[in-house]
Amino acid sequence: MALDDALTAAIESARDGHPGATFEVEGGVFPPVKVLADDLVSELFHNLLTNAVTHNDAAEPVVRVSAEPGPDAVEVVVADNGPGIPEGMRSRVLEKGEQGEASDGTGLGLYLCREIVDSYGGSLDIGESGMGGAAFTVRLPRQED
C-alpha cells in the first residue's frame, strides 16, 4: 500500500468533513513509501484525523500530520492543538468501549485504530503534541522495494 496516497486521501476527506479545521502536512508532502497494509489503513487515518477535530476545543482546530520513513518502518504522527489526553487515560482510550472524559462517542474508534495497526504488525502510541494537544504515533512496517 502506498502510504502517501492513503494519507493524502484521508486528509482530503477530513478537510471536506471539517471545513472549520486546518489540516497541515509537515514538510508539504508525504514521502513516497509503501507499507505492509491494506485498504483499512485509510480508515485508520480517517478515524485519527476525525478524532483530532471532534475532540478539539480550540477556537480553530489544527491537525498536523507528519510521516518519517525509517529502514524497517514508517512513523506517522497525527498531532492536534486540542486539550490532549491525560497520561493516565492514554492506554485506556485504546480499549474497547472506553471513552475520553468529554467524549460522546461509542468508544470504538480508537480501539479499532489499535486493532488495525496491530493486524499490520505495527504500533499505536499516544503522547502530547508540540501544540499542547494529543499526538498519535503510528508505526507501520515498510514494504521492501
# chains A, B, ... in the order shown; residues from 1 in each chain; ligands from 1

$ residues_around --residues "range 19-36 of chain A" --least-positions-apart "2" --cutoff "10 Å" --atoms "only C-alpha atoms" --output "ChimeraX atom specification"
/A:1-5,7-8,11-12,14-17,38,41,49,52-54,56,58-69,72-74,76-80,119-122,139-145

$ select_by_dssp --residues "chain A" --states "strand (DSSP E)" --output "ChimeraX atom specification"
/A:22-25,62-69,73-80,123-128,134-141

$ write_last_selection --atoms "N, CA and C atoms" --output "compact mmCIF listing (two decimals), in the first residue's frame"
# COMPACT_ATOMS: atom_id res chain seq x y z
N THR A 22 -8.07 23.19 10.33
CA THR A 22 -6.90 23.28 9.46
C THR A 22 -6.13 21.97 9.55
N PHE A 23 -5.85 21.39 8.40
CA PHE A 23 -5.06 20.16 8.33
C PHE A 23 -3.75 20.49 7.63
N GLU A 24 -2.64 20.27 8.33
CA GLU A 24 -1.32 20.59 7.79
C GLU A 24 -0.53 19.32 7.55
N VAL A 25 0.25 19.32 6.47
CA VAL A 25 1.18 18.23 6.18
C VAL A 25 2.58 18.77 6.45
N VAL A 62 -6.45 22.71 14.77
CA VAL A 62 -5.34 22.47 13.86
C VAL A 62 -4.88 21.03 14.06
N VAL A 63 -4.74 20.32 12.94
CA VAL A 63 -4.23 18.94 12.97
C VAL A 63 -3.02 18.90 12.03
N ARG A 64 -1.89 18.46 12.56
CA ARG A 64 -0.64 18.39 11.80
C ARG A 64 -0.24 16.93 11.65
N VAL A 65 0.04 16.53 10.41
CA VAL A 65 0.41 15.14 10.12
C VAL A 65 1.82 15.11 9.55
N SER A 66 2.62 14.22 10.08
CA SER A 66 3.98 14.03 9.56
C SER A 66 4.22 12.54 9.33
N ALA A 67 5.11 12.24 8.41
CA ALA A 67 5.50 10.85 8.14
C ALA A 67 7.00 10.80 7.98
N GLU A 68 7.62 9.92 8.73
CA GLU A 68 9.08 9.79 8.71
C GLU A 68 9.46 8.33 8.45
N PRO A 69 10.00 8.04 7.27
CA PRO A 69 10.39 6.66 7.00
C PRO A 69 11.71 6.30 7.68
N ALA A 73 10.41 0.65 9.21
CA ALA A 73 9.05 1.11 9.48
C ALA A 73 8.92 2.58 9.12
N VAL A 74 7.67 3.00 9.00
CA VAL A 74 7.35 4.41 8.80
C VAL A 74 6.59 4.88 10.02
N GLU A 75 6.99 6.03 10.54
CA GLU A 75 6.32 6.60 11.70
C GLU A 75 5.48 7.78 11.23
N VAL A 76 4.18 7.68 11.48
CA VAL A 76 3.23 8.74 11.14
C VAL A 76 2.71 9.33 12.45
N VAL A 77 2.76 10.66 12.55
CA VAL A 77 2.26 11.33 13.75
C VAL A 77 1.09 12.23 13.36
N VAL A 78 -0.02 12.05 14.05
CA VAL A 78 -1.20 12.90 13.89
C VAL A 78 -1.31 13.70 15.19
N ALA A 79 -0.99 15.00 15.12
CA ALA A 79 -0.95 15.86 16.30
C ALA A 79 -2.00 16.95 16.18
N ASP A 80 -2.52 17.40 17.34
CA ASP A 80 -3.53 18.44 17.31
C ASP A 80 -3.29 19.47 18.41
N SER A 123 2.46 -0.42 15.60
CA SER A 123 2.14 0.01 16.95
C SER A 123 1.46 1.38 16.90
N LEU A 124 0.70 1.67 17.95
CA LEU A 124 -0.01 2.94 18.10
C LEU A 124 0.23 3.44 19.51
N ASP A 125 0.81 4.64 19.61
CA ASP A 125 1.09 5.24 20.92
C ASP A 125 0.48 6.63 20.98
N ILE A 126 0.15 7.06 22.19
CA ILE A 126 -0.42 8.38 22.41
C ILE A 126 0.52 9.17 23.31
N GLY A 127 0.78 10.40 22.90
CA GLY A 127 1.60 11.30 23.70
C GLY A 127 1.03 12.71 23.62
N GLU A 128 1.88 13.67 23.94
CA GLU A 128 1.48 15.07 23.90
C GLU A 128 2.12 15.72 22.69
N ALA A 134 -3.05 16.28 21.76
CA ALA A 134 -2.64 14.88 21.68
C ALA A 134 -1.80 14.64 20.43
N ALA A 135 -0.95 13.64 20.51
CA ALA A 135 -0.17 13.18 19.35
C ALA A 135 -0.28 11.67 19.29
N PHE A 136 -0.84 11.18 18.19
CA PHE A 136 -0.96 9.74 17.96
C PHE A 136 0.16 9.33 17.02
N THR A 137 1.01 8.42 17.48
CA THR A 137 2.14 7.95 16.68
C THR A 137 1.85 6.54 16.20
N VAL A 138 1.77 6.39 14.89
CA VAL A 138 1.50 5.10 14.25
C VAL A 138 2.79 4.64 13.59
N ARG A 139 3.23 3.43 13.93
CA ARG A 139 4.40 2.83 13.27
C ARG A 139 3.92 1.64 12.44
N LEU A 140 4.20 1.73 11.14
CA LEU A 140 3.79 0.66 10.22
C LEU A 140 5.02 0.08 9.54
N PRO A 141 5.07 -1.26 9.41
CA PRO A 141 6.22 -1.90 8.75
C PRO A 141 6.29 -1.46 7.29

$ select_by_dssp --residues "range 54-137 of chain A" --states "helix (DSSP H, G or I)" --output "PyMOL selection string"
chain A and resi 54+87-89+92-94+109-119

$ write_last_selection --atoms "N, CA and C atoms" --output "PDB file, in the first residue's frame"
ATOM      1  N   THR A  54     -12.922  16.291  16.295  1.00  0.00           N
ATOM      2  CA  THR A  54     -14.146  16.099  17.080  1.00  0.00           C
ATOM      3  C   THR A  54     -13.924  16.390  18.560  1.00  0.00           C
ATOM      4  N   GLU A  87      -2.270  11.603  30.807  1.00  0.00           N
ATOM      5  CA  GLU A  87      -1.375  10.447  30.747  1.00  0.00           C
ATOM      6  C   GLU A  87      -2.024   9.174  31.275  1.00  0.00           C
ATOM      7  N   GLY A  88      -2.782   9.267  32.335  1.00  0.00           N
ATOM      8  CA  GLY A  88      -3.428   8.096  32.920  1.00  0.00           C
ATOM      9  C   GLY A  88      -4.538   7.504  32.065  1.00  0.00           C
ATOM     10  N   MET A  89      -5.024   8.269  31.093  1.00  0.00           N
ATOM     11  CA  MET A  89      -6.112   7.802  30.216  1.00  0.00           C
ATOM     12  C   MET A  89      -5.607   7.252  28.887  1.00  0.00           C
ATOM     13  N   ARG A  92      -5.997   3.591  28.213  1.00  0.00           N
ATOM     14  CA  ARG A  92      -7.400   3.197  28.365  1.00  0.00           C
ATOM     15  C   ARG A  92      -8.252   3.560  27.161  1.00  0.00           C
ATOM     16  N   VAL A  93      -7.982   4.720  26.505  1.00  0.00           N
ATOM     17  CA  VAL A  93      -8.840   5.133  25.387  1.00  0.00           C
ATOM     18  C   VAL A  93      -8.662   4.228  24.172  1.00  0.00           C
ATOM     19  N   LEU A  94      -7.642   3.373  24.191  1.00  0.00           N
ATOM     20  CA  LEU A  94      -7.431   2.413  23.106  1.00  0.00           C
ATOM     21  C   LEU A  94      -8.164   1.094  23.350  1.00  0.00           C
ATOM     22  N   GLY A 109     -13.826   3.844  18.144  1.00  0.00           N
ATOM     23  CA  GLY A 109     -12.960   4.402  17.107  1.00  0.00           C
ATOM     24  C   GLY A 109     -11.478   4.155  17.346  1.00  0.00           C
ATOM     25  N   LEU A 110     -10.979   4.547  18.514  1.00  0.00           N
ATOM     26  CA  LEU A 110      -9.553   4.367  18.795  1.00  0.00           C
ATOM     27  C   LEU A 110      -9.214   2.898  19.018  1.00  0.00           C
ATOM     28  N   TYR A 111     -10.154   2.144  19.571  1.00  0.00           N
ATOM     29  CA  TYR A 111      -9.958   0.708  19.715  1.00  0.00           C
ATOM     30  C   TYR A 111      -9.752   0.069  18.339  1.00  0.00           C
ATOM     31  N   LEU A 112     -10.600   0.437  17.368  1.00  0.00           N
ATOM     32  CA  LEU A 112     -10.460  -0.101  16.014  1.00  0.00           C
ATOM     33  C   LEU A 112      -9.146   0.336  15.374  1.00  0.00           C
ATOM     34  N   CYS A 113      -8.729   1.565  15.638  1.00  0.00           N
ATOM     35  CA  CYS A 113      -7.433   2.020  15.131  1.00  0.00           C
ATOM     36  C   CYS A 113      -6.308   1.122  15.641  1.00  0.00           C
ATOM     37  N   ARG A 114      -6.338   0.847  16.937  1.00  0.00           N
ATOM     38  CA  ARG A 114      -5.306  -0.017  17.518  1.00  0.00           C
ATOM     39  C   ARG A 114      -5.352  -1.420  16.920  1.00  0.00           C
ATOM     40  N   GLU A 115      -6.565  -1.947  16.739  1.00  0.00           N
ATOM     41  CA  GLU A 115      -6.714  -3.283  16.161  1.00  0.00           C
ATOM     42  C   GLU A 115      -6.185  -3.333  14.720  1.00  0.00           C
ATOM     43  N   ILE A 116      -6.449  -2.306  13.943  1.00  0.00           N
ATOM     44  CA  ILE A 116      -5.954  -2.252  12.560  1.00  0.00           C
ATOM     45  C   ILE A 116      -4.437  -2.227  12.556  1.00  0.00           C
ATOM     46  N   VAL A 117      -3.852  -1.351  13.363  1.00  0.00           N
ATOM     47  CA  VAL A 117      -2.386  -1.237  13.424  1.00  0.00           C
ATOM     48  C   VAL A 117      -1.768  -2.556  13.893  1.00  0.00           C
ATOM     49  N   ASP A 118      -2.365  -3.159  14.906  1.00  0.00           N
ATOM     50  CA  ASP A 118      -1.853  -4.447  15.408  1.00  0.00           C
ATOM     51  C   ASP A 118      -1.882  -5.513  14.316  1.00  0.00           C
ATOM     52  N   SER A 119      -2.930  -5.498  13.488  1.00  0.00           N
ATOM     53  CA  SER A 119      -3.042  -6.513  12.437  1.00  0.00           C
ATOM     54  C   SER A 119      -1.930  -6.393  11.396  1.00  0.00           C
TER      55      SER A 119
END

$ atom_distance --atom1 "CA of His55 in chain A" --atom2 "CA of Gly82 in chain A"
7.0 Å

$ residues_around --residues "Asn81 in chain A" --least-positions-apart "2" --cutoff "6 Å" --atoms "only C-alpha atoms" --output "PyMOL selection string"
chain A and resi 62+131-133

$ write_last_selection --atoms "C-alpha atoms" --output "PDB file, in the first residue's frame"
ATOM      1  CA  VAL A  62      -5.341  22.467  13.859  1.00  0.00           C
ATOM      2  CA  MET A 131       0.861  22.208  20.055  1.00  0.00           C
ATOM      3  CA  GLY A 132      -0.394  21.200  23.506  1.00  0.00           C
ATOM      4  CA  GLY A 133      -2.903  18.574  22.387  1.00  0.00           C
TER       5      GLY A 133
END

$ atom_distance --atom1 "CA of Ser13 in chain A" --atom2 "CA of His46 in chain A"
7.5 Å

$ decode --residues "range 21-53 of chain A" --atoms "N, CA, C and O atoms" --output "PDB file, in the first residue's frame"
ATOM      1  N   ALA A  21     -11.672  23.315  10.326  1.00  0.00           N
ATOM      2  CA  ALA A  21     -10.387  22.879  10.879  1.00  0.00           C
ATOM      3  C   ALA A  21      -9.285  23.049   9.835  1.00  0.00           C
ATOM      4  O   ALA A  21      -9.537  23.036   8.634  1.00  0.00           O
ATOM      5  N   THR A  22      -8.069  23.191  10.325  1.00  0.00           N
ATOM      6  CA  THR A  22      -6.901  23.280   9.458  1.00  0.00           C
ATOM      7  C   THR A  22      -6.131  21.970   9.547  1.00  0.00           C
ATOM      8  O   THR A  22      -5.808  21.511  10.651  1.00  0.00           O
ATOM      9  N   PHE A  23      -5.852  21.386   8.399  1.00  0.00           N
ATOM     10  CA  PHE A  23      -5.059  20.157   8.333  1.00  0.00           C
ATOM     11  C   PHE A  23      -3.753  20.486   7.630  1.00  0.00           C
ATOM     12  O   PHE A  23      -3.761  20.945   6.491  1.00  0.00           O
ATOM     13  N   GLU A  24      -2.642  20.270   8.327  1.00  0.00           N
ATOM     14  CA  GLU A  24      -1.325  20.587   7.792  1.00  0.00           C
ATOM     15  C   GLU A  24      -0.529  19.315   7.554  1.00  0.00           C
ATOM     16  O   GLU A  24      -0.593  18.376   8.354  1.00  0.00           O
ATOM     17  N   VAL A  25       0.253  19.315   6.466  1.00  0.00           N
ATOM     18  CA  VAL A  25       1.183  18.230   6.177  1.00  0.00           C
ATOM     19  C   VAL A  25       2.580  18.767   6.451  1.00  0.00           C
ATOM     20  O   VAL A  25       3.029  19.692   5.763  1.00  0.00           O
ATOM     21  N   GLU A  26       3.230  18.233   7.461  1.00  0.00           N
ATOM     22  CA  GLU A  26       4.564  18.694   7.801  1.00  0.00           C
ATOM     23  C   GLU A  26       5.510  18.412   6.630  1.00  0.00           C
ATOM     24  O   GLU A  26       5.551  17.290   6.115  1.00  0.00           O
ATOM     25  N   GLY A  27       6.201  19.434   6.193  1.00  0.00           N
ATOM     26  CA  GLY A  27       7.101  19.284   5.056  1.00  0.00           C
ATOM     27  C   GLY A  27       6.405  19.442   3.707  1.00  0.00           C
ATOM     28  O   GLY A  27       7.049  19.374   2.672  1.00  0.00           O
ATOM     29  N   GLY A  28       5.089  19.608   3.708  1.00  0.00           N
ATOM     30  CA  GLY A  28       4.349  19.850   2.482  1.00  0.00           C
ATOM     31  C   GLY A  28       3.891  18.621   1.718  1.00  0.00           C
ATOM     32  O   GLY A  28       2.859  18.644   1.079  1.00  0.00           O
ATOM     33  N   VAL A  29       4.671  17.548   1.755  1.00  0.00           N
ATOM     34  CA  VAL A  29       4.306  16.302   1.060  1.00  0.00           C
ATOM     35  C   VAL A  29       4.731  15.117   1.912  1.00  0.00           C
ATOM     36  O   VAL A  29       5.622  15.217   2.744  1.00  0.00           O
ATOM     37  N   PHE A  30       4.095  13.989   1.653  1.00  0.00           N
ATOM     38  CA  PHE A  30       4.470  12.759   2.348  1.00  0.00           C
ATOM     39  C   PHE A  30       5.511  12.005   1.529  1.00  0.00           C
ATOM     40  O   PHE A  30       5.475  12.043   0.296  1.00  0.00           O
ATOM     41  N   PRO A  31       6.416  11.295   2.198  1.00  0.00           N
ATOM     42  CA  PRO A  31       7.409  10.520   1.454  1.00  0.00           C
ATOM     43  C   PRO A  31       6.734   9.379   0.680  1.00  0.00           C
ATOM     44  O   PRO A  31       5.786   8.775   1.177  1.00  0.00           O
ATOM     45  N   PRO A  32       7.205   9.100  -0.526  1.00  0.00           N
ATOM     46  CA  PRO A  32       6.610   8.024  -1.341  1.00  0.00           C
ATOM     47  C   PRO A  32       7.121   6.650  -0.910  1.00  0.00           C
ATOM     48  O   PRO A  32       8.030   6.090  -1.525  1.00  0.00           O
ATOM     49  N   VAL A  33       6.549   6.127   0.170  1.00  0.00           N
ATOM     50  CA  VAL A  33       6.952   4.818   0.677  1.00  0.00           C
ATOM     51  C   VAL A  33       5.744   3.890   0.710  1.00  0.00           C
ATOM     52  O   VAL A  33       4.604   4.337   0.776  1.00  0.00           O
ATOM     53  N   LYS A  34       6.034   2.603   0.677  1.00  0.00           N
ATOM     54  CA  LYS A  34       4.978   1.597   0.769  1.00  0.00           C
ATOM     55  C   LYS A  34       5.078   0.905   2.113  1.00  0.00           C
ATOM     56  O   LYS A  34       6.165   0.667   2.629  1.00  0.00           O
ATOM     57  N   VAL A  35       3.896   0.607   2.669  1.00  0.00           N
ATOM     58  CA  VAL A  35       3.830  -0.078   3.952  1.00  0.00           C
ATOM     59  C   VAL A  35       3.058  -1.382   3.788  1.00  0.00           C
ATOM     60  O   VAL A  35       2.294  -1.545   2.838  1.00  0.00           O
ATOM     61  N   LEU A  36       3.285  -2.287   4.725  1.00  0.00           N
ATOM     62  CA  LEU A  36       2.567  -3.553   4.731  1.00  0.00           C
ATOM     63  C   LEU A  36       1.199  -3.305   5.354  1.00  0.00           C
ATOM     64  O   LEU A  36       1.042  -3.322   6.580  1.00  0.00           O
ATOM     65  N   ALA A  37       0.221  -3.006   4.506  1.00  0.00           N
ATOM     66  CA  ALA A  37      -1.121  -2.669   4.962  1.00  0.00           C
ATOM     67  C   ALA A  37      -2.104  -2.951   3.835  1.00  0.00           C
ATOM     68  O   ALA A  37      -1.698  -3.328   2.736  1.00  0.00           O
ATOM     69  N   ASP A  38      -3.386  -2.734   4.127  1.00  0.00           N
ATOM     70  CA  ASP A  38      -4.423  -2.890   3.102  1.00  0.00           C
ATOM     71  C   ASP A  38      -5.314  -1.663   3.132  1.00  0.00           C
ATOM     72  O   ASP A  38      -4.948  -0.629   3.707  1.00  0.00           O
ATOM     73  N   ASP A  39      -6.489  -1.757   2.547  1.00  0.00           N
ATOM     74  CA  ASP A  39      -7.385  -0.607   2.441  1.00  0.00           C
ATOM     75  C   ASP A  39      -7.842  -0.061   3.792  1.00  0.00           C
ATOM     76  O   ASP A  39      -8.271   1.091   3.870  1.00  0.00           O
ATOM     77  N   LEU A  40      -7.746  -0.842   4.841  1.00  0.00           N
ATOM     78  CA  LEU A  40      -8.157  -0.363   6.168  1.00  0.00           C
ATOM     79  C   LEU A  40      -7.242   0.731   6.695  1.00  0.00           C
ATOM     80  O   LEU A  40      -7.617   1.460   7.616  1.00  0.00           O
ATOM     81  N   VAL A  41      -6.059   0.874   6.114  1.00  0.00           N
ATOM     82  CA  VAL A  41      -5.150   1.918   6.570  1.00  0.00           C
ATOM     83  C   VAL A  41      -5.771   3.300   6.344  1.00  0.00           C
ATOM     84  O   VAL A  41      -5.577   4.221   7.142  1.00  0.00           O
ATOM     85  N   SER A  42      -6.571   3.438   5.296  1.00  0.00           N
ATOM     86  CA  SER A  42      -7.271   4.706   5.063  1.00  0.00           C
ATOM     87  C   SER A  42      -8.280   4.973   6.176  1.00  0.00           C
ATOM     88  O   SER A  42      -8.423   6.105   6.640  1.00  0.00           O
ATOM     89  N   GLU A  43      -8.993   3.942   6.607  1.00  0.00           N
ATOM     90  CA  GLU A  43      -9.941   4.068   7.707  1.00  0.00           C
ATOM     91  C   GLU A  43      -9.219   4.438   9.004  1.00  0.00           C
ATOM     92  O   GLU A  43      -9.708   5.258   9.788  1.00  0.00           O
ATOM     93  N   LEU A  44      -8.073   3.851   9.234  1.00  0.00           N
ATOM     94  CA  LEU A  44      -7.258   4.155  10.402  1.00  0.00           C
ATOM     95  C   LEU A  44      -6.968   5.647  10.471  1.00  0.00           C
ATOM     96  O   LEU A  44      -7.237   6.302  11.484  1.00  0.00           O
ATOM     97  N   PHE A  45      -6.421   6.205   9.378  1.00  0.00           N
ATOM     98  CA  PHE A  45      -6.054   7.614   9.404  1.00  0.00           C
ATOM     99  C   PHE A  45      -7.276   8.529   9.395  1.00  0.00           C
ATOM    100  O   PHE A  45      -7.269   9.578  10.039  1.00  0.00           O
ATOM    101  N   HIS A  46      -8.331   8.121   8.718  1.00  0.00           N
ATOM    102  CA  HIS A  46      -9.576   8.898   8.754  1.00  0.00           C
ATOM    103  C   HIS A  46     -10.077   9.010  10.196  1.00  0.00           C
ATOM    104  O   HIS A  46     -10.465  10.091  10.647  1.00  0.00           O
ATOM    105  N   ASN A  47     -10.079   7.902  10.927  1.00  0.00           N
ATOM    106  CA  ASN A  47     -10.519   7.911  12.326  1.00  0.00           C
ATOM    107  C   ASN A  47      -9.649   8.820  13.187  1.00  0.00           C
ATOM    108  O   ASN A  47     -10.161   9.584  14.012  1.00  0.00           O
ATOM    109  N   LEU A  48      -8.330   8.746  13.012  1.00  0.00           N
ATOM    110  CA  LEU A  48      -7.433   9.577  13.819  1.00  0.00           C
ATOM    111  C   LEU A  48      -7.618  11.059  13.511  1.00  0.00           C
ATOM    112  O   LEU A  48      -7.643  11.899  14.420  1.00  0.00           O
ATOM    113  N   LEU A  49      -7.766  11.402  12.232  1.00  0.00           N
ATOM    114  CA  LEU A  49      -7.947  12.806  11.842  1.00  0.00           C
ATOM    115  C   LEU A  49      -9.285  13.347  12.352  1.00  0.00           C
ATOM    116  O   LEU A  49      -9.361  14.456  12.887  1.00  0.00           O
ATOM    117  N   THR A  50     -10.339  12.559  12.190  1.00  0.00           N
ATOM    118  CA  THR A  50     -11.662  12.975  12.651  1.00  0.00           C
ATOM    119  C   THR A  50     -11.683  13.126  14.165  1.00  0.00           C
ATOM    120  O   THR A  50     -12.234  14.088  14.702  1.00  0.00           O
ATOM    121  N   ASN A  51     -11.057  12.198  14.855  1.00  0.00           N
ATOM    122  CA  ASN A  51     -10.977  12.241  16.314  1.00  0.00           C
ATOM    123  C   ASN A  51     -10.255  13.512  16.780  1.00  0.00           C
ATOM    124  O   ASN A  51     -10.656  14.136  17.764  1.00  0.00           O
ATOM    125  N   ALA A  52      -9.202  13.891  16.055  1.00  0.00           N
ATOM    126  CA  ALA A  52      -8.415  15.073  16.429  1.00  0.00           C
ATOM    127  C   ALA A  52      -9.236  16.356  16.341  1.00  0.00           C
ATOM    128  O   ALA A  52      -8.973  17.315  17.067  1.00  0.00           O
ATOM    129  N   VAL A  53     -10.235  16.376  15.463  1.00  0.00           N
ATOM    130  CA  VAL A  53     -11.100  17.553  15.326  1.00  0.00           C
ATOM    131  C   VAL A  53     -12.301  17.452  16.255  1.00  0.00           C
ATOM    132  O   VAL A  53     -12.656  18.408  16.949  1.00  0.00           O
TER     133      VAL A  53
END
